[in-house]
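data.cif follows (mmCIF, N, CA and C atoms and all ligand atoms):
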data_query
#
loop_
_atom_site.label_atom_id
_atom_site.label_comp_id
_atom_site.auth_asym_id
_atom_site.auth_seq_id
_atom_site.Cartn_x
_atom_site.Cartn_y
_atom_site.Cartn_z
N MET A 1 5.66 -15.36 -85.80
CA MET A 1 4.74 -16.29 -85.16
C MET A 1 3.51 -16.49 -86.04
N GLU A 2 3.01 -17.69 -86.07
CA GLU A 2 1.82 -17.94 -86.88
C GLU A 2 0.60 -17.34 -86.20
N ASP A 3 -0.35 -16.94 -87.05
CA ASP A 3 -1.56 -16.28 -86.56
C ASP A 3 -2.23 -17.01 -85.40
N ASN A 4 -2.40 -18.31 -85.56
CA ASN A 4 -3.17 -19.04 -84.54
C ASN A 4 -2.42 -19.21 -83.22
N LYS A 5 -1.13 -18.94 -83.26
CA LYS A 5 -0.35 -19.10 -82.02
C LYS A 5 -0.29 -17.81 -81.22
N ILE A 6 -0.63 -16.70 -81.87
CA ILE A 6 -0.47 -15.41 -81.22
C ILE A 6 -1.31 -15.29 -79.95
N GLU A 7 -2.60 -15.56 -80.08
CA GLU A 7 -3.48 -15.43 -78.92
C GLU A 7 -3.10 -16.40 -77.82
N ALA A 8 -2.72 -17.62 -78.23
CA ALA A 8 -2.33 -18.63 -77.24
C ALA A 8 -1.10 -18.17 -76.46
N GLU A 9 -0.15 -17.58 -77.18
CA GLU A 9 1.08 -17.12 -76.55
C GLU A 9 0.79 -15.96 -75.58
N LEU A 10 -0.10 -15.05 -75.99
CA LEU A 10 -0.47 -13.94 -75.11
C LEU A 10 -1.15 -14.47 -73.85
N LYS A 11 -2.06 -15.40 -74.04
CA LYS A 11 -2.79 -15.99 -72.90
C LYS A 11 -1.82 -16.68 -71.96
N ARG A 12 -0.93 -17.45 -72.56
CA ARG A 12 0.03 -18.21 -71.77
C ARG A 12 0.83 -17.29 -70.86
N LYS A 13 1.17 -16.12 -71.40
CA LYS A 13 1.97 -15.18 -70.62
C LYS A 13 1.11 -14.30 -69.71
N GLY A 14 -0.19 -14.48 -69.80
CA GLY A 14 -1.09 -13.74 -68.93
C GLY A 14 -1.36 -12.32 -69.40
N PHE A 15 -1.17 -12.05 -70.70
CA PHE A 15 -1.40 -10.71 -71.24
C PHE A 15 -2.79 -10.59 -71.83
N LYS A 16 -3.28 -9.37 -71.80
CA LYS A 16 -4.60 -9.10 -72.36
C LYS A 16 -4.59 -9.27 -73.88
N ILE A 17 -5.69 -9.78 -74.38
CA ILE A 17 -5.82 -9.92 -75.83
C ILE A 17 -6.65 -8.76 -76.33
N THR A 18 -5.98 -7.76 -76.88
CA THR A 18 -6.71 -6.61 -77.42
C THR A 18 -6.58 -6.65 -78.94
N LYS A 19 -7.51 -5.94 -79.57
CA LYS A 19 -7.53 -5.90 -81.03
C LYS A 19 -6.21 -5.35 -81.58
N THR A 20 -5.74 -4.26 -80.97
CA THR A 20 -4.50 -3.63 -81.41
C THR A 20 -3.33 -4.59 -81.28
N ARG A 21 -3.26 -5.23 -80.13
CA ARG A 21 -2.16 -6.14 -79.84
C ARG A 21 -2.12 -7.29 -80.85
N VAL A 22 -3.27 -7.90 -81.06
CA VAL A 22 -3.32 -9.04 -81.99
C VAL A 22 -3.01 -8.58 -83.42
N SER A 23 -3.57 -7.43 -83.82
CA SER A 23 -3.30 -6.93 -85.18
C SER A 23 -1.82 -6.65 -85.37
N LEU A 24 -1.19 -6.07 -84.36
CA LEU A 24 0.24 -5.79 -84.46
C LEU A 24 1.04 -7.08 -84.59
N LEU A 25 0.71 -8.05 -83.77
CA LEU A 25 1.46 -9.30 -83.81
C LEU A 25 1.24 -10.04 -85.13
N LYS A 26 0.04 -9.92 -85.67
CA LYS A 26 -0.22 -10.53 -86.97
C LYS A 26 0.62 -9.86 -88.05
N LEU A 27 0.69 -8.54 -87.97
CA LEU A 27 1.50 -7.78 -88.92
C LEU A 27 2.96 -8.20 -88.83
N PHE A 28 3.46 -8.31 -87.60
CA PHE A 28 4.85 -8.70 -87.41
C PHE A 28 5.09 -10.14 -87.86
N GLY A 29 4.05 -10.93 -87.80
CA GLY A 29 4.17 -12.33 -88.21
C GLY A 29 4.40 -12.46 -89.71
N LYS A 30 4.10 -11.37 -90.44
CA LYS A 30 4.23 -11.44 -91.90
C LYS A 30 5.66 -11.24 -92.36
N ASN A 31 6.60 -11.26 -91.42
CA ASN A 31 8.00 -11.21 -91.81
C ASN A 31 8.38 -9.93 -92.52
N PHE A 32 7.83 -8.82 -92.10
CA PHE A 32 8.17 -7.61 -92.82
C PHE A 32 9.47 -6.99 -92.32
N PRO A 33 10.10 -6.15 -93.12
CA PRO A 33 11.35 -5.51 -92.70
C PRO A 33 11.07 -4.54 -91.57
N PRO A 34 12.12 -4.05 -90.92
CA PRO A 34 11.88 -3.12 -89.81
C PRO A 34 11.16 -1.86 -90.29
N PHE A 35 10.01 -1.59 -89.71
CA PHE A 35 9.22 -0.42 -90.06
C PHE A 35 9.15 0.56 -88.90
N SER A 36 9.02 1.83 -89.26
CA SER A 36 8.87 2.86 -88.23
C SER A 36 7.45 2.82 -87.68
N GLN A 37 7.29 3.51 -86.56
CA GLN A 37 5.98 3.58 -85.93
C GLN A 37 4.91 4.10 -86.90
N LYS A 38 5.31 5.13 -87.66
CA LYS A 38 4.37 5.75 -88.60
C LYS A 38 3.96 4.76 -89.68
N GLU A 39 4.93 4.02 -90.20
CA GLU A 39 4.64 3.04 -91.24
C GLU A 39 3.73 1.93 -90.71
N ILE A 40 4.00 1.51 -89.50
CA ILE A 40 3.18 0.46 -88.88
C ILE A 40 1.75 0.95 -88.69
N ARG A 41 1.64 2.20 -88.21
CA ARG A 41 0.31 2.77 -87.97
C ARG A 41 -0.47 2.86 -89.28
N ASN A 42 0.20 3.32 -90.33
CA ASN A 42 -0.46 3.42 -91.64
C ASN A 42 -0.95 2.07 -92.14
N LYS A 43 -0.15 1.06 -91.92
CA LYS A 43 -0.54 -0.30 -92.36
C LYS A 43 -1.78 -0.77 -91.62
N LEU A 44 -1.81 -0.51 -90.32
CA LEU A 44 -2.96 -0.95 -89.53
C LEU A 44 -4.21 -0.15 -89.89
N ILE A 45 -4.02 1.13 -90.13
CA ILE A 45 -5.16 1.98 -90.52
C ILE A 45 -5.74 1.48 -91.85
N LYS A 46 -4.84 1.15 -92.76
CA LYS A 46 -5.27 0.61 -94.06
C LYS A 46 -6.09 -0.66 -93.91
N SER A 47 -5.75 -1.44 -92.88
CA SER A 47 -6.49 -2.68 -92.67
C SER A 47 -7.77 -2.43 -91.88
N GLY A 48 -8.09 -1.16 -91.64
CA GLY A 48 -9.39 -0.81 -91.08
C GLY A 48 -9.43 -0.54 -89.59
N LEU A 49 -8.26 -0.49 -88.96
CA LEU A 49 -8.23 -0.23 -87.52
C LEU A 49 -8.13 1.27 -87.23
N VAL A 50 -8.87 1.73 -86.24
CA VAL A 50 -8.76 3.13 -85.83
C VAL A 50 -7.81 3.20 -84.65
N LEU A 51 -6.73 3.93 -84.83
CA LEU A 51 -5.69 3.93 -83.81
C LEU A 51 -5.08 5.31 -83.63
N ASN A 52 -4.80 5.66 -82.39
CA ASN A 52 -4.05 6.90 -82.21
C ASN A 52 -2.57 6.59 -81.94
N LYS A 53 -1.76 7.63 -82.06
CA LYS A 53 -0.31 7.46 -81.95
C LYS A 53 0.11 6.91 -80.59
N THR A 54 -0.56 7.39 -79.55
CA THR A 54 -0.18 6.98 -78.19
C THR A 54 -0.38 5.48 -78.00
N THR A 55 -1.50 4.97 -78.50
CA THR A 55 -1.79 3.54 -78.37
C THR A 55 -0.69 2.72 -79.04
N ILE A 56 -0.35 3.10 -80.26
CA ILE A 56 0.69 2.38 -81.01
C ILE A 56 2.02 2.47 -80.26
N TYR A 57 2.35 3.66 -79.82
CA TYR A 57 3.60 3.87 -79.12
C TYR A 57 3.70 2.96 -77.90
N ARG A 58 2.64 2.96 -77.09
CA ARG A 58 2.62 2.15 -75.86
C ARG A 58 2.67 0.67 -76.18
N GLU A 59 1.91 0.29 -77.18
CA GLU A 59 1.82 -1.13 -77.51
C GLU A 59 3.16 -1.64 -78.05
N LEU A 60 3.84 -0.85 -78.87
CA LEU A 60 5.14 -1.27 -79.39
C LEU A 60 6.16 -1.37 -78.27
N ALA A 61 6.11 -0.43 -77.34
CA ALA A 61 7.03 -0.46 -76.19
C ALA A 61 6.77 -1.73 -75.38
N PHE A 62 5.49 -2.05 -75.18
CA PHE A 62 5.12 -3.25 -74.44
C PHE A 62 5.64 -4.51 -75.14
N LEU A 63 5.39 -4.61 -76.44
CA LEU A 63 5.79 -5.80 -77.19
C LEU A 63 7.31 -5.94 -77.25
N ALA A 64 8.01 -4.80 -77.31
CA ALA A 64 9.48 -4.84 -77.32
C ALA A 64 9.97 -5.32 -75.95
N ASN A 65 9.36 -4.80 -74.92
CA ASN A 65 9.72 -5.16 -73.55
C ASN A 65 9.51 -6.65 -73.27
N GLU A 66 8.45 -7.19 -73.86
CA GLU A 66 8.11 -8.60 -73.62
C GLU A 66 8.79 -9.54 -74.61
N GLY A 67 9.61 -8.98 -75.48
CA GLY A 67 10.39 -9.81 -76.39
C GLY A 67 9.66 -10.28 -77.65
N PHE A 68 8.51 -9.70 -77.95
CA PHE A 68 7.80 -10.08 -79.17
C PHE A 68 8.39 -9.37 -80.39
N VAL A 69 8.80 -8.12 -80.19
CA VAL A 69 9.38 -7.37 -81.30
C VAL A 69 10.74 -6.82 -80.88
N SER A 70 11.59 -6.57 -81.87
CA SER A 70 12.87 -5.95 -81.55
C SER A 70 12.99 -4.61 -82.26
N GLU A 71 13.74 -3.74 -81.64
CA GLU A 71 13.88 -2.37 -82.15
C GLU A 71 15.23 -2.22 -82.84
N SER A 72 15.24 -1.47 -83.92
CA SER A 72 16.52 -1.10 -84.54
C SER A 72 16.58 0.40 -84.69
N ASP A 73 17.81 0.88 -84.75
CA ASP A 73 18.04 2.31 -84.91
C ASP A 73 19.03 2.47 -86.05
N PHE A 74 18.61 3.10 -87.13
CA PHE A 74 19.50 3.30 -88.28
C PHE A 74 20.10 4.70 -88.27
N GLY A 75 20.04 5.35 -87.13
CA GLY A 75 20.68 6.65 -86.98
C GLY A 75 19.95 7.78 -87.68
N ASP A 76 18.67 7.57 -88.02
CA ASP A 76 17.93 8.67 -88.66
C ASP A 76 16.83 9.21 -87.75
N GLY A 77 16.96 8.90 -86.48
CA GLY A 77 16.03 9.46 -85.51
C GLY A 77 14.71 8.70 -85.38
N LYS A 78 14.58 7.60 -86.15
CA LYS A 78 13.35 6.81 -86.06
C LYS A 78 13.68 5.45 -85.49
N LYS A 79 12.86 4.99 -84.58
CA LYS A 79 13.01 3.61 -84.14
C LYS A 79 12.26 2.75 -85.13
N ARG A 80 12.79 1.58 -85.41
CA ARG A 80 12.10 0.66 -86.30
C ARG A 80 11.87 -0.66 -85.59
N TYR A 81 10.77 -1.29 -85.94
CA TYR A 81 10.37 -2.50 -85.23
C TYR A 81 10.17 -3.65 -86.19
N GLU A 82 10.55 -4.84 -85.73
CA GLU A 82 10.28 -6.05 -86.50
C GLU A 82 10.14 -7.22 -85.53
N SER A 83 9.74 -8.35 -86.06
CA SER A 83 9.52 -9.52 -85.21
C SER A 83 10.82 -10.01 -84.59
N SER A 84 10.79 -10.33 -83.32
CA SER A 84 11.97 -10.89 -82.65
C SER A 84 12.20 -12.33 -83.06
N PHE A 85 11.17 -12.93 -83.64
CA PHE A 85 11.26 -14.35 -83.91
C PHE A 85 12.08 -14.67 -85.16
N LYS A 86 12.57 -13.62 -85.82
CA LYS A 86 13.43 -13.83 -86.99
C LYS A 86 14.83 -14.28 -86.56
N GLY A 87 15.16 -14.08 -85.32
CA GLY A 87 16.50 -14.42 -84.87
C GLY A 87 17.45 -13.24 -85.05
N HIS A 88 18.61 -13.33 -84.44
CA HIS A 88 19.53 -12.20 -84.46
C HIS A 88 20.14 -11.99 -85.84
N HIS A 89 19.99 -10.79 -86.35
CA HIS A 89 20.56 -10.48 -87.66
C HIS A 89 20.88 -9.00 -87.73
N HIS A 90 21.52 -8.61 -88.81
CA HIS A 90 21.87 -7.21 -89.01
C HIS A 90 21.25 -6.74 -90.31
N HIS A 91 21.36 -5.45 -90.59
CA HIS A 91 20.68 -4.90 -91.77
C HIS A 91 21.65 -4.28 -92.76
N LEU A 92 21.23 -4.32 -94.02
CA LEU A 92 21.98 -3.66 -95.09
C LEU A 92 21.07 -2.55 -95.61
N ILE A 93 21.43 -1.32 -95.35
CA ILE A 93 20.55 -0.21 -95.68
C ILE A 93 21.09 0.55 -96.89
N CYS A 94 20.28 0.60 -97.95
CA CYS A 94 20.72 1.26 -99.18
C CYS A 94 20.52 2.77 -99.06
N LYS A 95 21.60 3.51 -99.26
CA LYS A 95 21.57 4.97 -99.15
C LYS A 95 20.85 5.62 -100.33
N GLU A 96 20.70 4.86 -101.43
CA GLU A 96 20.07 5.42 -102.63
C GLU A 96 18.56 5.24 -102.61
N CYS A 97 18.10 3.99 -102.42
CA CYS A 97 16.66 3.73 -102.53
C CYS A 97 16.01 3.41 -101.20
N GLY A 98 16.80 3.30 -100.15
CA GLY A 98 16.23 3.07 -98.83
C GLY A 98 15.87 1.62 -98.55
N ASP A 99 16.19 0.74 -99.48
CA ASP A 99 15.88 -0.67 -99.28
C ASP A 99 16.61 -1.20 -98.03
N ILE A 100 15.91 -2.06 -97.30
CA ILE A 100 16.51 -2.64 -96.10
C ILE A 100 16.63 -4.15 -96.27
N GLY A 101 17.84 -4.62 -96.37
CA GLY A 101 18.06 -6.06 -96.47
C GLY A 101 18.48 -6.61 -95.11
N GLU A 102 18.48 -7.91 -95.01
CA GLU A 102 18.88 -8.53 -93.75
C GLU A 102 20.05 -9.45 -93.98
N VAL A 103 20.93 -9.54 -92.99
CA VAL A 103 22.08 -10.42 -93.13
C VAL A 103 22.43 -11.02 -91.77
N VAL A 104 22.76 -12.29 -91.81
CA VAL A 104 23.29 -12.93 -90.61
C VAL A 104 24.81 -12.91 -90.75
N VAL A 105 25.48 -12.34 -89.78
CA VAL A 105 26.93 -12.25 -89.85
C VAL A 105 27.53 -13.61 -89.52
N LYS A 106 28.35 -14.11 -90.45
CA LYS A 106 28.88 -15.46 -90.28
C LYS A 106 30.10 -15.52 -89.37
N GLY A 107 30.84 -14.43 -89.31
CA GLY A 107 32.02 -14.41 -88.45
C GLY A 107 31.59 -14.58 -87.01
N ASP A 108 32.54 -14.69 -86.16
CA ASP A 108 32.22 -14.95 -84.77
C ASP A 108 32.19 -13.66 -83.95
N LEU A 109 31.03 -13.01 -83.98
CA LEU A 109 30.90 -11.76 -83.23
C LEU A 109 31.02 -12.00 -81.74
N LYS A 110 30.61 -13.18 -81.32
CA LYS A 110 30.66 -13.53 -79.89
C LYS A 110 32.11 -13.47 -79.39
N SER A 111 33.03 -13.97 -80.21
CA SER A 111 34.42 -13.97 -79.74
C SER A 111 34.99 -12.55 -79.75
N ILE A 112 34.50 -11.72 -80.67
CA ILE A 112 34.91 -10.31 -80.65
C ILE A 112 34.41 -9.66 -79.35
N GLU A 113 33.16 -9.95 -79.02
CA GLU A 113 32.60 -9.42 -77.77
C GLU A 113 33.41 -9.90 -76.56
N ASN A 114 33.76 -11.18 -76.56
CA ASN A 114 34.53 -11.71 -75.44
C ASN A 114 35.88 -11.03 -75.32
N GLU A 115 36.52 -10.83 -76.47
CA GLU A 115 37.84 -10.20 -76.46
C GLU A 115 37.74 -8.76 -75.94
N ILE A 116 36.75 -8.02 -76.45
CA ILE A 116 36.56 -6.64 -76.00
C ILE A 116 36.24 -6.62 -74.51
N GLY A 117 35.38 -7.55 -74.12
CA GLY A 117 34.99 -7.63 -72.72
C GLY A 117 36.18 -7.80 -71.79
N LYS A 118 37.07 -8.70 -72.19
CA LYS A 118 38.26 -8.96 -71.36
C LYS A 118 39.17 -7.75 -71.35
N ARG A 119 39.43 -7.23 -72.56
CA ARG A 119 40.37 -6.12 -72.71
C ARG A 119 39.89 -4.88 -71.96
N LYS A 120 38.58 -4.61 -72.03
CA LYS A 120 38.06 -3.38 -71.43
C LYS A 120 37.40 -3.61 -70.07
N LYS A 121 37.46 -4.83 -69.59
CA LYS A 121 36.76 -5.19 -68.36
C LYS A 121 35.31 -4.67 -68.40
N PHE A 122 34.61 -5.13 -69.40
CA PHE A 122 33.26 -4.66 -69.67
C PHE A 122 32.41 -5.86 -70.06
N GLU A 123 31.29 -6.01 -69.40
CA GLU A 123 30.44 -7.16 -69.70
C GLU A 123 29.46 -6.78 -70.80
N ILE A 124 29.68 -7.27 -72.00
CA ILE A 124 28.83 -6.91 -73.14
C ILE A 124 27.57 -7.77 -73.14
N LYS A 125 26.43 -7.10 -73.21
CA LYS A 125 25.14 -7.81 -73.21
C LYS A 125 24.54 -7.86 -74.62
N SER A 126 24.81 -6.87 -75.42
CA SER A 126 24.27 -6.86 -76.78
C SER A 126 25.06 -5.88 -77.62
N HIS A 127 24.75 -5.84 -78.91
CA HIS A 127 25.40 -4.87 -79.78
C HIS A 127 24.44 -4.46 -80.88
N ILE A 128 24.74 -3.33 -81.48
CA ILE A 128 23.98 -2.89 -82.65
C ILE A 128 24.97 -2.77 -83.79
N LEU A 129 24.70 -3.43 -84.88
CA LEU A 129 25.60 -3.37 -86.02
C LEU A 129 24.78 -3.35 -87.29
N GLU A 130 24.82 -2.24 -88.01
CA GLU A 130 24.08 -2.13 -89.26
C GLU A 130 25.05 -1.67 -90.35
N PHE A 131 24.76 -2.04 -91.57
CA PHE A 131 25.65 -1.70 -92.69
C PHE A 131 24.94 -0.75 -93.64
N PHE A 132 25.63 0.30 -94.04
CA PHE A 132 25.05 1.29 -94.96
C PHE A 132 25.82 1.28 -96.26
N GLY A 133 25.11 1.36 -97.38
CA GLY A 133 25.80 1.34 -98.66
C GLY A 133 24.85 1.44 -99.82
N ILE A 134 25.16 0.78 -100.92
CA ILE A 134 24.34 0.84 -102.12
C ILE A 134 23.97 -0.58 -102.51
N CYS A 135 22.66 -0.82 -102.69
CA CYS A 135 22.19 -2.18 -102.96
C CYS A 135 22.49 -2.60 -104.40
N GLY A 136 22.38 -3.87 -104.67
CA GLY A 136 22.65 -4.44 -105.98
C GLY A 136 21.87 -3.77 -107.11
N LYS A 137 20.55 -3.53 -106.87
CA LYS A 137 19.70 -2.89 -107.89
C LYS A 137 20.24 -1.52 -108.23
N CYS A 138 20.57 -0.74 -107.21
CA CYS A 138 21.05 0.63 -107.44
C CYS A 138 22.41 0.64 -108.11
N ILE A 139 23.25 -0.33 -107.80
CA ILE A 139 24.56 -0.41 -108.47
C ILE A 139 24.33 -0.61 -109.98
N LYS A 140 23.41 -1.52 -110.31
CA LYS A 140 23.08 -1.81 -111.71
C LYS A 140 22.58 -0.57 -112.46
N ASN A 141 21.71 0.18 -111.79
CA ASN A 141 21.08 1.33 -112.44
C ASN A 141 21.99 2.55 -112.55
N ASN A 142 23.15 2.49 -111.95
CA ASN A 142 24.03 3.67 -111.99
C ASN A 142 24.80 3.79 -113.30
ZN ZN B 1 19.14 0.66 -103.50
ZN ZN B 2 15.64 -7.17 -89.59
#
With the file now loaded, output its structure as structure tokens.
Ligand SMILES: [Zn+2]
Ligand SMILES: [Zn+2]
Amino acid sequence: MEDNKIEAELKRKGFKITKTRVSLLKLFGKNFPPFSQKEIRNKLIKSGLVLNKTTIYRELAFLANEGFVSESDFGDGKKRYESSFKGHHHHLICKECGDIGEVVVKGDLKSIENEIGKRKKFEIKSHILEFFGICGKCIKNN
């Protein structure tokens, strides 16, 4: 979301405009890759904000709940957050350098979900799909 739209969007939804909230949304607006809570906190502290862990934790939970940010789990025990406005995509996580790329899956995941849903009599609402491997740079350097 663009900077000038953030406050308007919060107002429109009837949410409080706090310094932390706006700073977080601005950060997410910069199109950054999924970052952990700690990484996000460090970035905000660097920009001069004084923040404790609880505030960040609560605020991220709030923003995720309200659909501003989305959470990913790469199976390393850390939740990662990024802007929801990027649209649905998956990640390519490099096991060597930790680089996180993004990819939109071109195949029809929806039809896979439908097939599974029918076969298992299960109503699928969402899925998590991430890819782990070695990025192009690391392949070159090997
Ligand atoms: Zn790599
Ligand atoms: Zn992403």
_Expected selection as a VMD selection string for ligand ZN 2 (chain B) within 6.5 Å, all atoms listed in the file_ = chain A and resid 33 to 34 82 89 to 91 101 to 102
Sorted by chain and rising residue number, list the residues of chain A at most 6.5 Å from ligand ZN 1 (chain B) (counting only N, CA and C atoms and all ligand atoms), each with its closest atom pair and distance in Å to one decimal, as a tab-separated table.
residue	atom	partner	partner_atom	distance
A:Cys94	CA	B:ZN1	ZN	4.6
A:Lys95	N	B:ZN1	ZN	5.7
A:Glu96	C	B:ZN1	ZN	4.7
A:Cys97	N	B:ZN1	ZN	3.7
A:Gly98	N	B:ZN1	ZN	4.9
A:Asp99	N	B:ZN1	ZN	5.0
A:Ile134	C	B:ZN1	ZN	5.1
A:Cys135	N	B:ZN1	ZN	3.9
A:Gly136	N	B:ZN1	ZN	5.7
A:Lys137	C	B:ZN1	ZN	5.3
A:Cys138	N	B:ZN1	ZN	4.2
A:Ile139	N	B:ZN1	ZN	6.0
*Excluding A:Glu7 and any residue of its chain fewer than 6 positions from it, enumerate the residues within 8 Å of it, using all atoms listed in the file, and give them as a ChimeraX atom specification.*
/A:13,17,22
Write the residues of the preceding selection, restricted to N, CA and C atoms, as an mmCIF file, in the coordinates of the input.
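Written out: again_27.cif:
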data_model
loop_
_atom_site.group_PDB
_atom_site.id
_atom_site.type_symbol
_atom_site.label_atom_id
_atom_site.label_comp_id
_atom_site.auth_asym_id
_atom_site.auth_seq_id
_atom_site.Cartn_x
_atom_site.Cartn_y
_atom_site.Cartn_z
ATOM 1 N N LYS A 13 1.170 -16.120 -71.400
ATOM 2 C CA LYS A 13 1.970 -15.180 -70.620
ATOM 3 C C LYS A 13 1.110 -14.300 -69.710
ATOM 4 N N ILE A 17 -5.690 -9.780 -74.380
ATOM 5 C CA ILE A 17 -5.820 -9.920 -75.830
ATOM 6 C C ILE A 17 -6.650 -8.760 -76.330
ATOM 7 N N VAL A 22 -3.270 -7.900 -81.060
ATOM 8 C CA VAL A 22 -3.320 -9.040 -81.990
ATOM 9 C C VAL A 22 -3.010 -8.580 -83.420
#
_From (25.7, -1.5, -90.9), in the file's coordinates, out to 9 Å: which residues are reached, counting only C-alpha atoms? Answer as a PyMOL selection string._
chain A and resi 74+90-93+128-133
Those same residues - N, CA and C atoms - I'd like them written as an mmCIF file, in the frame of the given file.
data_model
loop_
_atom_site.group_PDB
_atom_site.id
_atom_site.type_symbol
_atom_site.label_atom_id
_atom_site.label_comp_id
_atom_site.auth_asym_id
_atom_site.auth_seq_id
_atom_site.Cartn_x
_atom_site.Cartn_y
_atom_site.Cartn_z
ATOM 1 N N PHE A 74 18.610 3.100 -87.130
ATOM 2 C CA PHE A 74 19.500 3.300 -88.280
ATOM 3 C C PHE A 74 20.100 4.700 -88.270
ATOM 4 N N HIS A 90 21.520 -8.610 -88.810
ATOM 5 C CA HIS A 90 21.870 -7.210 -89.010
ATOM 6 C C HIS A 90 21.250 -6.740 -90.310
ATOM 7 N N HIS A 91 21.360 -5.450 -90.590
ATOM 8 C CA HIS A 91 20.680 -4.900 -91.770
ATOM 9 C C HIS A 91 21.650 -4.280 -92.760
ATOM 10 N N LEU A 92 21.230 -4.320 -94.020
ATOM 11 C CA LEU A 92 21.980 -3.660 -95.090
ATOM 12 C C LEU A 92 21.070 -2.550 -95.610
ATOM 13 N N ILE A 93 21.430 -1.320 -95.350
ATOM 14 C CA ILE A 93 20.550 -0.210 -95.680
ATOM 15 C C ILE A 93 21.090 0.550 -96.890
ATOM 16 N N ILE A 128 24.740 -3.330 -81.480
ATOM 17 C CA ILE A 128 23.980 -2.890 -82.650
ATOM 18 C C ILE A 128 24.970 -2.770 -83.790
ATOM 19 N N LEU A 129 24.700 -3.430 -84.880
ATOM 20 C CA LEU A 129 25.600 -3.370 -86.020
ATOM 21 C C LEU A 129 24.780 -3.350 -87.290
ATOM 22 N N GLU A 130 24.820 -2.240 -88.010
ATOM 23 C CA GLU A 130 24.080 -2.130 -89.260
ATOM 24 C C GLU A 130 25.050 -1.670 -90.350
ATOM 25 N N PHE A 131 24.760 -2.040 -91.570
ATOM 26 C CA PHE A 131 25.650 -1.700 -92.690
ATOM 27 C C PHE A 131 24.940 -0.750 -93.640
ATOM 28 N N PHE A 132 25.630 0.300 -94.040
ATOM 29 C CA PHE A 132 25.050 1.290 -94.960
ATOM 30 C C PHE A 132 25.820 1.280 -96.260
ATOM 31 N N GLY A 133 25.110 1.360 -97.380
ATOM 32 C CA GLY A 133 25.800 1.340 -98.660
ATOM 33 C C GLY A 133 24.850 1.440 -99.820
#
*What are the DSSP helix (DSSP H, G or I) residues of chain A, as a ChimeraX atom specification?*
/A:3-12,19-29,37-46,53-65,84-86,109-120,136-141
*May I have the residues at most 6 Å from (10.2, -14.6, -90.4) in the file's coordinates, counting all atoms listed in the file, as a PyMOL selection string?*
chain A and resi 30-31+85-86
_Selected residue, from A:Leu63, A:Lys53, A:Ser36, A:Glu113, that lies nearest to A:Lys16 when counting only C-alpha atoms_ = A:Leu63
*asked:* Report, in Å to a single decimal, how far apart atom N of A:Ser83 and atom N of A:Phe32 are.
replied: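 Separation of atom N of A:Phe32 and atom N of A:Ser83: 6.4 Å.
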*Separation of atom CA of A:Arg12 and atom CA of A:Gly67, in Å?*
14.1 Å
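Rounded to one decimal, atom CA of A:Arg41 and atom CA of A:Ile56 lie 7.0 Å from each other.
Proximity of A:Lys19, A:Gly117, A:Tyr57, A:Gln37 to A:Gly77, computed with only C-alpha atoms, is greatest for A:Gln37.
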*asked:* Run DSSP on the backbone and tell me which residues of chain A come out as strand (DSSP E or B); list them as a PyMOL selection string.
replied: chain A and resi 35-36+69-73+79-83+90-94+100-103+130-133
Put the listed atoms of stretch 46-50 of chain A in a box along x, y and z with 6 Å added on every side and give me the centre and edge lengths in Å to one decimal, as AutoDock Vina command-line options.
--center_x -7.1 --center_y 0.3 --center_z -89.4 --size_x 16.6 --size_y 17.9 --size_z 21.4
*Name the closest residue to A:Val69 among the candidates A:Arg21, A:Lys110, A:Lys43, A:Lys38; distances are taken between atoms, counting only C-alpha atoms.*
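Among the listed residues, the smallest separation from A:Val69 belongs to A:Arg21.
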*Find, counting only N, CA and C atoms, the residue in A:Ala8, A:Ser111, A:Asn42, A:Leu49 that gets nearest to A:Thr20.*
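Result for the nearest residue to A:Thr20: A:Leu49.
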